[in-house]
>>> print(open('target-v1.csv').read())   # CSV, N, CA and C atoms
chain,number,residue,atom,x,y,z
A,1,LEU,N,104.0,103.0,91.1
A,1,LEU,CA,105.4,102.6,91.2
A,1,LEU,C,106.3,103.8,91.1
A,2,SER,N,106.8,104.3,92.2
A,2,SER,CA,107.6,105.5,92.1
A,2,SER,C,108.9,105.2,91.4
A,3,ASP,N,109.5,106.2,90.7
A,3,ASP,CA,110.7,106.1,90.0
A,3,ASP,C,110.7,105.0,89.0
A,4,THR,N,109.6,104.8,88.4
A,4,THR,CA,109.5,103.7,87.3
A,4,THR,C,108.9,104.4,86.1
A,5,ASP,N,109.6,104.2,85.0
A,5,ASP,CA,109.1,104.7,83.7
A,5,ASP,C,108.1,103.8,83.1
A,6,GLU,N,107.6,104.1,81.9
A,6,GLU,CA,106.5,103.4,81.2
A,6,GLU,C,107.0,101.9,81.0
A,7,THR,N,108.2,101.8,80.5
A,7,THR,CA,108.7,100.4,80.3
A,7,THR,C,108.8,99.6,81.5
A,8,GLY,N,109.3,100.2,82.6
A,8,GLY,CA,109.3,99.4,83.9
A,8,GLY,C,107.9,99.1,84.4
A,9,GLY,N,106.9,100.0,84.2
A,9,GLY,CA,105.6,99.8,84.6
A,9,GLY,C,105.0,98.6,83.8
A,10,ARG,N,105.3,98.6,82.5
A,10,ARG,CA,104.8,97.5,81.6
A,10,ARG,C,105.3,96.2,82.1
A,11,VAL,N,106.6,96.2,82.3
A,11,VAL,CA,107.3,94.9,82.7
A,11,VAL,C,106.7,94.4,84.1
A,12,PHE,N,106.5,95.3,85.0
A,12,PHE,CA,106.0,94.9,86.3
A,12,PHE,C,104.6,94.4,86.1
A,13,ALA,N,103.7,95.1,85.4
A,13,ALA,CA,102.3,94.7,85.2
A,13,ALA,C,102.3,93.3,84.5
A,14,GLU,N,103.1,93.1,83.5
A,14,GLU,CA,103.1,91.8,82.8
A,14,GLU,C,103.6,90.7,83.8
A,15,ARG,N,104.5,90.9,84.6
A,15,ARG,CA,104.9,89.9,85.6
A,15,ARG,C,103.8,89.6,86.6
A,16,LEU,N,103.1,90.6,87.0
A,16,LEU,CA,102.0,90.5,87.9
A,16,LEU,C,100.8,89.7,87.2
A,17,ARG,N,100.6,90.0,86.0
A,17,ARG,CA,99.5,89.3,85.2
A,17,ARG,C,99.8,87.8,85.1
A,18,LYS,N,101.1,87.5,84.7
A,18,LYS,CA,101.5,86.1,84.6
A,18,LYS,C,101.5,85.4,85.9
A,19,ALA,N,101.8,86.1,87.0
A,19,ALA,CA,101.8,85.4,88.3
A,19,ALA,C,100.4,85.1,88.7
A,20,VAL,N,99.4,86.0,88.5
A,20,VAL,CA,98.0,85.7,88.8
A,20,VAL,C,97.5,84.6,88.0
A,21,GLU,N,97.8,84.6,86.7
A,21,GLU,CA,97.4,83.6,85.8
A,21,GLU,C,97.8,82.2,86.2
A,22,GLY,N,99.0,82.1,86.9
A,22,GLY,CA,99.5,80.9,87.3
A,22,GLY,C,99.0,80.4,88.6
A,23,LEU,N,98.2,81.2,89.3
A,23,LEU,CA,97.7,80.8,90.6
A,23,LEU,C,96.5,79.8,90.5
A,24,GLU,N,96.4,79.0,91.5
A,24,GLU,CA,95.2,78.1,91.6
A,24,GLU,C,94.7,78.2,93.0
A,25,VAL,N,93.4,78.5,93.1
A,25,VAL,CA,92.8,78.7,94.5
A,25,VAL,C,91.8,77.6,94.7
A,26,LEU,N,91.9,76.9,95.8
A,26,LEU,CA,90.9,75.9,96.2
A,26,LEU,C,89.8,76.5,97.0
A,27,HIS,N,88.6,76.3,96.6
A,27,HIS,CA,87.4,76.8,97.2
A,27,HIS,C,86.4,75.7,97.4
A,28,HIS,N,86.1,75.2,98.6
A,28,HIS,CA,85.2,74.1,98.8
A,28,HIS,C,85.6,72.9,98.0
A,29,GLY,N,86.9,72.6,97.9
A,29,GLY,CA,87.4,71.5,97.2
A,29,GLY,C,87.4,71.6,95.6
A,30,GLN,N,87.1,72.8,95.2
A,30,GLN,CA,87.1,73.1,93.7
A,30,GLN,C,88.2,74.0,93.4
A,31,SER,N,88.9,73.7,92.3
A,31,SER,CA,90.0,74.5,91.8
A,31,SER,C,89.5,75.7,91.0
A,32,ILE,N,89.9,76.9,91.3
A,32,ILE,CA,89.5,78.1,90.6
A,32,ILE,C,90.8,78.8,90.1
A,33,ARG,N,90.8,79.1,88.8
A,33,ARG,CA,91.9,79.9,88.2
A,33,ARG,C,91.2,81.2,87.7
A,34,PHE,N,92.0,82.2,87.7
A,34,PHE,CA,91.5,83.5,87.2
A,34,PHE,C,92.6,84.3,86.5
A,35,THR,N,92.2,85.3,85.9
A,35,THR,CA,93.2,86.2,85.2
A,35,THR,C,92.9,87.7,85.6
A,36,ILE,N,93.8,88.5,85.2
A,36,ILE,CA,93.6,90.0,85.5
A,36,ILE,C,94.0,90.7,84.2
A,37,SER,N,93.4,91.9,84.1
A,37,SER,CA,93.7,92.9,83.0
A,37,SER,C,94.3,94.1,83.8
A,38,LEU,N,95.3,94.7,83.2
A,38,LEU,CA,95.9,95.9,83.8
A,38,LEU,C,96.0,97.0,82.8
A,39,GLY,N,95.9,98.2,83.4
A,39,GLY,CA,96.2,99.4,82.6
A,39,GLY,C,97.4,100.2,83.2
A,40,VAL,N,98.3,100.7,82.4
A,40,VAL,CA,99.5,101.3,82.8
A,40,VAL,C,99.5,102.8,82.2
A,41,ALA,N,99.9,103.7,83.1
A,41,ALA,CA,100.1,105.1,82.6
A,41,ALA,C,101.3,105.6,83.4
A,42,ASP,N,101.9,106.7,82.9
A,42,ASP,CA,103.1,107.2,83.6
A,42,ASP,C,103.0,108.7,83.7
A,43,LEU,N,103.8,109.3,84.6
A,43,LEU,CA,103.8,110.7,84.8
A,43,LEU,C,104.8,111.5,84.0
A,44,SER,N,105.3,110.9,82.9
A,44,SER,CA,106.4,111.6,82.1
A,44,SER,C,105.9,112.7,81.3
A,45,HIS,N,104.6,112.9,81.1
A,45,HIS,CA,104.1,114.0,80.3
A,45,HIS,C,104.1,115.3,81.2
A,46,PRO,N,104.6,116.4,80.6
A,46,PRO,CA,104.8,117.6,81.4
A,46,PRO,C,103.6,118.2,82.2
A,47,SER,N,102.4,118.0,81.6
A,47,SER,CA,101.3,118.7,82.3
A,47,SER,C,100.4,117.7,83.0
A,48,ILE,N,100.8,116.5,83.2
A,48,ILE,CA,99.9,115.5,83.9
A,48,ILE,C,99.8,115.7,85.4
A,49,ASP,N,98.7,115.5,85.9
A,49,ASP,CA,98.5,115.5,87.4
A,49,ASP,C,98.0,114.1,87.8
A,50,TYR,N,97.8,113.8,89.0
A,50,TYR,CA,97.4,112.5,89.5
A,50,TYR,C,96.0,112.1,89.0
A,51,ALA,N,95.1,113.1,88.9
A,51,ALA,CA,93.7,112.8,88.4
A,51,ALA,C,93.8,112.3,86.9
A,52,ASP,N,94.7,113.0,86.1
A,52,ASP,CA,94.9,112.5,84.7
A,52,ASP,C,95.5,111.1,84.7
A,53,LEU,N,96.5,110.9,85.6
A,53,LEU,CA,97.2,109.6,85.6
A,53,LEU,C,96.2,108.5,85.9
A,54,ILE,N,95.3,108.7,86.8
A,54,ILE,CA,94.3,107.6,87.2
A,54,ILE,C,93.4,107.5,86.0
A,55,ALA,N,92.9,108.5,85.4
A,55,ALA,CA,92.0,108.5,84.2
A,55,ALA,C,92.7,107.7,83.1
A,56,TRP,N,93.9,108.0,82.8
A,56,TRP,CA,94.7,107.4,81.7
A,56,TRP,C,94.8,105.9,82.0
A,57,ALA,N,95.2,105.5,83.2
A,57,ALA,CA,95.3,104.1,83.6
A,57,ALA,C,94.0,103.4,83.5
A,58,ASP,N,92.9,104.1,83.9
A,58,ASP,CA,91.6,103.5,83.8
A,58,ASP,C,91.2,103.2,82.3
A,59,ARG,N,91.5,104.2,81.4
A,59,ARG,CA,91.3,104.0,80.0
A,59,ARG,C,92.1,102.8,79.4
A,60,ALA,N,93.3,102.7,79.9
A,60,ALA,CA,94.1,101.6,79.4
A,60,ALA,C,93.6,100.3,79.9
A,61,LEU,N,93.1,100.2,81.2
A,61,LEU,CA,92.5,99.0,81.7
A,61,LEU,C,91.3,98.6,80.9
A,62,PHE,N,90.4,99.5,80.6
A,62,PHE,CA,89.2,99.2,79.8
A,62,PHE,C,89.6,98.8,78.4
A,63,ALA,N,90.7,99.3,77.8
A,63,ALA,CA,91.2,98.9,76.5
A,63,ALA,C,91.6,97.4,76.6
A,64,SER,N,92.3,97.0,77.7
A,64,SER,CA,92.7,95.6,77.9
A,64,SER,C,91.5,94.7,77.9
A,65,LYS,N,90.4,95.1,78.7
A,65,LYS,CA,89.2,94.3,78.7
A,65,LYS,C,88.6,94.2,77.4
A,66,LYS,N,88.5,95.3,76.7
A,66,LYS,CA,87.8,95.3,75.4
A,66,LYS,C,88.6,94.4,74.4
A,67,ALA,N,89.9,94.3,74.5
A,67,ALA,CA,90.7,93.6,73.6
A,67,ALA,C,90.8,92.1,73.9
A,68,GLY,N,90.1,91.7,74.9
A,68,GLY,CA,90.0,90.2,75.2
A,68,GLY,C,90.4,89.8,76.6
A,69,ARG,N,90.7,90.8,77.4
A,69,ARG,CA,91.1,90.5,78.8
A,69,ARG,C,92.4,89.7,79.0
A,70,ASN,N,92.8,89.6,80.2
A,70,ASN,CA,94.1,88.9,80.5
A,70,ASN,C,95.3,89.5,79.8
A,71,ARG,N,95.4,90.8,79.9
A,71,ARG,CA,96.5,91.5,79.1
A,71,ARG,C,96.8,92.8,79.8
A,72,VAL,N,97.9,93.4,79.4
A,72,VAL,CA,98.4,94.7,79.9
A,72,VAL,C,98.3,95.6,78.7
A,73,THR,N,97.8,96.8,79.0
A,73,THR,CA,97.7,97.9,78.0
A,73,THR,C,98.3,99.1,78.6
A,74,VAL,N,99.2,99.8,77.9
A,74,VAL,CA,99.8,101.1,78.3
A,74,VAL,C,99.1,102.2,77.6
A,75,TYR,N,98.7,103.2,78.4
A,75,TYR,CA,98.0,104.4,77.8
A,75,TYR,C,99.0,105.1,76.9
A,76,GLU,N,98.6,105.4,75.6
A,76,GLU,CA,99.4,106.1,74.7
A,76,GLU,C,98.9,107.5,74.4
>>> encode(input="target-v1.csv", output="structure tokens")
Amino acid sequence: LSDTDETGGRVFAERLRKAVEGLEVLHHGQSIRFTISLGVADLSHPSIDYADLIAWADRALFASKKAGRNRVTVYE
């Protein structure tokens, strides 16, 4: 998300998480619901590059999964 700070990223991710949680998909007549976990990182640190950004977001994602899934975690 260009021109978005950590707070904006967290808000966007939480809205996305809630939207997915509210979906219901029909598959062969059966209702399926699912959730997502998200990791958020931002480029505000002076020495960060894109490889670091992806690694940090990935760490935050795995922290979400480890904490019980269906959540947003921001890399600190």
>>> atom_distance(input="target-v1.csv", atom1="atom CA of Leu26 of chain A", atom2="atom CA of Gly68 of chain A")
25.4 Å
>>> atom_distance(input="target-v1.csv", atom1="atom C of Glu76 of chain A", atom2="atom N of Leu16 of chain A")
21.5 Å
>>> select_by_dssp(input="target-v1.csv", residues="chain A", states="strand (DSSP E)", output="VMD selection string")
chain A and resid 25 to 27 30 to 32 38 to 40 72 to 74
>>> residues_around(input="target-v1.csv", residues="Val20 of chain A", least_positions_apart="5", cutoff="6.5 Å", atoms="only N, CA and C atoms", output="ChimeraX atom specification")
/A:15,34-36
>>> select_by_dssp(input="target-v1.csv", residues="chain A", states="alpha helix (DSSP H)", output="mmCIF file with N, CA and C atoms, keeping the file's coordinate frame")
data_model
loop_
_atom_site.group_PDB
_atom_site.id
_atom_site.type_symbol
_atom_site.label_atom_id
_atom_site.label_comp_id
_atom_site.auth_asym_id
_atom_site.auth_seq_id
_atom_site.Cartn_x
_atom_site.Cartn_y
_atom_site.Cartn_z
ATOM 1 N N GLU A 6 107.600 104.100 81.900
ATOM 2 C CA GLU A 6 106.500 103.400 81.200
ATOM 3 C C GLU A 6 107.000 101.900 81.000
ATOM 4 N N THR A 7 108.200 101.800 80.500
ATOM 5 C CA THR A 7 108.700 100.400 80.300
ATOM 6 C C THR A 7 108.800 99.600 81.500
ATOM 7 N N GLY A 8 109.300 100.200 82.600
ATOM 8 C CA GLY A 8 109.300 99.400 83.900
ATOM 9 C C GLY A 8 107.900 99.100 84.400
ATOM 10 N N GLY A 9 106.900 100.000 84.200
ATOM 11 C CA GLY A 9 105.600 99.800 84.600
ATOM 12 C C GLY A 9 105.000 98.600 83.800
ATOM 13 N N ARG A 10 105.300 98.600 82.500
ATOM 14 C CA ARG A 10 104.800 97.500 81.600
ATOM 15 C C ARG A 10 105.300 96.200 82.100
ATOM 16 N N VAL A 11 106.600 96.200 82.300
ATOM 17 C CA VAL A 11 107.300 94.900 82.700
ATOM 18 C C VAL A 11 106.700 94.400 84.100
ATOM 19 N N PHE A 12 106.500 95.300 85.000
ATOM 20 C CA PHE A 12 106.000 94.900 86.300
ATOM 21 C C PHE A 12 104.600 94.400 86.100
ATOM 22 N N ALA A 13 103.700 95.100 85.400
ATOM 23 C CA ALA A 13 102.300 94.700 85.200
ATOM 24 C C ALA A 13 102.300 93.300 84.500
ATOM 25 N N GLU A 14 103.100 93.100 83.500
ATOM 26 C CA GLU A 14 103.100 91.800 82.800
ATOM 27 C C GLU A 14 103.600 90.700 83.800
ATOM 28 N N ARG A 15 104.500 90.900 84.600
ATOM 29 C CA ARG A 15 104.900 89.900 85.600
ATOM 30 C C ARG A 15 103.800 89.600 86.600
ATOM 31 N N LEU A 16 103.100 90.600 87.000
ATOM 32 C CA LEU A 16 102.000 90.500 87.900
ATOM 33 C C LEU A 16 100.800 89.700 87.200
ATOM 34 N N ARG A 17 100.600 90.000 86.000
ATOM 35 C CA ARG A 17 99.500 89.300 85.200
ATOM 36 C C ARG A 17 99.800 87.800 85.100
ATOM 37 N N LYS A 18 101.100 87.500 84.700
ATOM 38 C CA LYS A 18 101.500 86.100 84.600
ATOM 39 C C LYS A 18 101.500 85.400 85.900
ATOM 40 N N ALA A 19 101.800 86.100 87.000
ATOM 41 C CA ALA A 19 101.800 85.400 88.300
ATOM 42 C C ALA A 19 100.400 85.100 88.700
ATOM 43 N N VAL A 20 99.400 86.000 88.500
ATOM 44 C CA VAL A 20 98.000 85.700 88.800
ATOM 45 C C VAL A 20 97.500 84.600 88.000
ATOM 46 N N GLU A 21 97.800 84.600 86.700
ATOM 47 C CA GLU A 21 97.400 83.600 85.800
ATOM 48 C C GLU A 21 97.800 82.200 86.200
ATOM 49 N N TYR A 50 97.800 113.800 89.000
ATOM 50 C CA TYR A 50 97.400 112.500 89.500
ATOM 51 C C TYR A 50 96.000 112.100 89.000
ATOM 52 N N ALA A 51 95.100 113.100 88.900
ATOM 53 C CA ALA A 51 93.700 112.800 88.400
ATOM 54 C C ALA A 51 93.800 112.300 86.900
ATOM 55 N N ASP A 52 94.700 113.000 86.100
ATOM 56 C CA ASP A 52 94.900 112.500 84.700
ATOM 57 C C ASP A 52 95.500 111.100 84.700
ATOM 58 N N LEU A 53 96.500 110.900 85.600
ATOM 59 C CA LEU A 53 97.200 109.600 85.600
ATOM 60 C C LEU A 53 96.200 108.500 85.900
ATOM 61 N N ILE A 54 95.300 108.700 86.800
ATOM 62 C CA ILE A 54 94.300 107.600 87.200
ATOM 63 C C ILE A 54 93.400 107.500 86.000
ATOM 64 N N ALA A 55 92.900 108.500 85.400
ATOM 65 C CA ALA A 55 92.000 108.500 84.200
ATOM 66 C C ALA A 55 92.700 107.700 83.100
ATOM 67 N N TRP A 56 93.900 108.000 82.800
ATOM 68 C CA TRP A 56 94.700 107.400 81.700
ATOM 69 C C TRP A 56 94.800 105.900 82.000
ATOM 70 N N ALA A 57 95.200 105.500 83.200
ATOM 71 C CA ALA A 57 95.300 104.100 83.600
ATOM 72 C C ALA A 57 94.000 103.400 83.500
ATOM 73 N N ASP A 58 92.900 104.100 83.900
ATOM 74 C CA ASP A 58 91.600 103.500 83.800
ATOM 75 C C ASP A 58 91.200 103.200 82.300
ATOM 76 N N ARG A 59 91.500 104.200 81.400
ATOM 77 C CA ARG A 59 91.300 104.000 80.000
ATOM 78 C C ARG A 59 92.100 102.800 79.400
ATOM 79 N N ALA A 60 93.300 102.700 79.900
ATOM 80 C CA ALA A 60 94.100 101.600 79.400
ATOM 81 C C ALA A 60 93.600 100.300 79.900
ATOM 82 N N LEU A 61 93.100 100.200 81.200
ATOM 83 C CA LEU A 61 92.500 99.000 81.700
ATOM 84 C C LEU A 61 91.300 98.600 80.900
ATOM 85 N N PHE A 62 90.400 99.500 80.600
ATOM 86 C CA PHE A 62 89.200 99.200 79.800
ATOM 87 C C PHE A 62 89.600 98.800 78.400
ATOM 88 N N ALA A 63 90.700 99.300 77.800
ATOM 89 C CA ALA A 63 91.200 98.900 76.500
ATOM 90 C C ALA A 63 91.600 97.400 76.600
ATOM 91 N N SER A 64 92.300 97.000 77.700
ATOM 92 C CA SER A 64 92.700 95.600 77.900
ATOM 93 C C SER A 64 91.500 94.700 77.900
ATOM 94 N N LYS A 65 90.400 95.100 78.700
ATOM 95 C CA LYS A 65 89.200 94.300 78.700
ATOM 96 C C LYS A 65 88.600 94.200 77.400
ATOM 97 N N LYS A 66 88.500 95.300 76.700
ATOM 98 C CA LYS A 66 87.800 95.300 75.400
ATOM 99 C C LYS A 66 88.600 94.400 74.400
#
>>> closest_residue(input="target-v1.csv", among="A:Ser37, A:Ile32, A:Asp49, A:Asp42", to="Leu61 of chain A", atoms="only N, CA and C atoms")
A:Ser37
>>> closest_residue(input="target-v1.csv", among="A:Val40, A:Pro46, A:Ile54, A:Arg10", to="Tyr75 of chain A", atoms="only C-alpha atoms")
A:Val40
>>> residues_around(input="target-v1.csv", residues="Val74 of chain A", least_positions_apart="3", cutoff="8 Å", atoms="only N, CA and C atoms", output="PyMOL selection string")
chain A and resi 6+9-10+38-42+56-57+59-61+64+71
>>> atom_distance(input="target-v1.csv", atom1="atom C of Val11 of chain A", atom2="atom CA of Glu24 of chain A")
21.3 Å
>>> closest_residue(input="target-v1.csv", among="A:Val72, A:Arg33, A:Asp58, A:His45", to="Phe12 of chain A", atoms="only C-alpha atoms")
A:Val72
>>> decode(input="target-v1.csv", residues="segment 33-76 of chain A", atoms="C-alpha atoms", output="PDB file, in the first residue's frame")
ATOM      1  CA  ARG A  33     -16.523 -20.110   5.565  1.00  0.00           C
ATOM      2  CA  PHE A  34     -12.891 -19.286   6.075  1.00  0.00           C
ATOM      3  CA  THR A  35     -10.570 -16.787   7.719  1.00  0.00           C
ATOM      4  CA  ILE A  36      -7.212 -15.214   6.950  1.00  0.00           C
ATOM      5  CA  SER A  37      -4.215 -14.130   8.958  1.00  0.00           C
ATOM      6  CA  LEU A  38      -2.180 -11.120   7.860  1.00  0.00           C
ATOM      7  CA  GLY A  39       1.233  -9.685   8.581  1.00  0.00           C
ATOM      8  CA  VAL A  40       1.948  -5.966   8.225  1.00  0.00           C
ATOM      9  CA  ALA A  41       5.305  -4.201   7.942  1.00  0.00           C
ATOM     10  CA  ASP A  42       6.172  -0.682   6.794  1.00  0.00           C
ATOM     11  CA  LEU A  43       9.036   1.152   5.114  1.00  0.00           C
ATOM     12  CA  SER A  44       9.413   3.841   7.778  1.00  0.00           C
ATOM     13  CA  HIS A  45      12.697   2.442   9.111  1.00  0.00           C
ATOM     14  CA  PRO A  46      15.633   4.333   7.562  1.00  0.00           C
ATOM     15  CA  SER A  47      17.686   1.307   6.454  1.00  0.00           C
ATOM     16  CA  ILE A  48      14.925  -1.032   5.246  1.00  0.00           C
ATOM     17  CA  ASP A  49      14.822  -2.373   1.710  1.00  0.00           C
ATOM     18  CA  TYR A  50      12.104  -4.397   0.000  1.00  0.00           C
ATOM     19  CA  ALA A  51      13.683  -7.743   0.887  1.00  0.00           C
ATOM     20  CA  ASP A  52      13.595  -6.745   4.575  1.00  0.00           C
ATOM     21  CA  LEU A  53      10.034  -5.495   4.220  1.00  0.00           C
ATOM     22  CA  ILE A  54       8.846  -8.839   2.856  1.00  0.00           C
ATOM     23  CA  ALA A  55      10.777 -10.763   5.519  1.00  0.00           C
ATOM     24  CA  TRP A  56       9.273  -8.604   8.287  1.00  0.00           C
ATOM     25  CA  ALA A  57       5.743  -8.997   6.924  1.00  0.00           C
ATOM     26  CA  ASP A  58       6.325 -12.749   6.682  1.00  0.00           C
ATOM     27  CA  ARG A  59       7.455 -12.883  10.328  1.00  0.00           C
ATOM     28  CA  ALA A  60       4.363 -10.926  11.355  1.00  0.00           C
ATOM     29  CA  LEU A  61       2.165 -13.334   9.362  1.00  0.00           C
ATOM     30  CA  PHE A  62       3.644 -16.369  11.112  1.00  0.00           C
ATOM     31  CA  ALA A  63       3.187 -14.619  14.473  1.00  0.00           C
ATOM     32  CA  SER A  64      -0.520 -14.216  13.587  1.00  0.00           C
ATOM     33  CA  LYS A  65      -0.806 -17.910  12.816  1.00  0.00           C
ATOM     34  CA  LYS A  66       1.063 -18.915  15.957  1.00  0.00           C
ATOM     35  CA  ALA A  67      -1.187 -16.696  18.101  1.00  0.00           C
ATOM     36  CA  GLY A  68      -4.319 -18.489  16.938  1.00  0.00           C
ATOM     37  CA  ARG A  69      -4.957 -17.379  13.357  1.00  0.00           C
ATOM     38  CA  ASN A  70      -7.646 -15.052  11.997  1.00  0.00           C
ATOM     39  CA  ARG A  71      -5.769 -11.971  13.123  1.00  0.00           C
ATOM     40  CA  VAL A  72      -3.541  -9.112  12.026  1.00  0.00           C
ATOM     41  CA  THR A  73      -0.027  -8.732  13.418  1.00  0.00           C
ATOM     42  CA  VAL A  74       2.231  -5.741  12.770  1.00  0.00           C
ATOM     43  CA  TYR A  75       5.984  -6.330  12.738  1.00  0.00           C
ATOM     44  CA  GLU A  76       7.570  -4.465  15.635  1.00  0.00           C
TER      45      GLU A  76
END
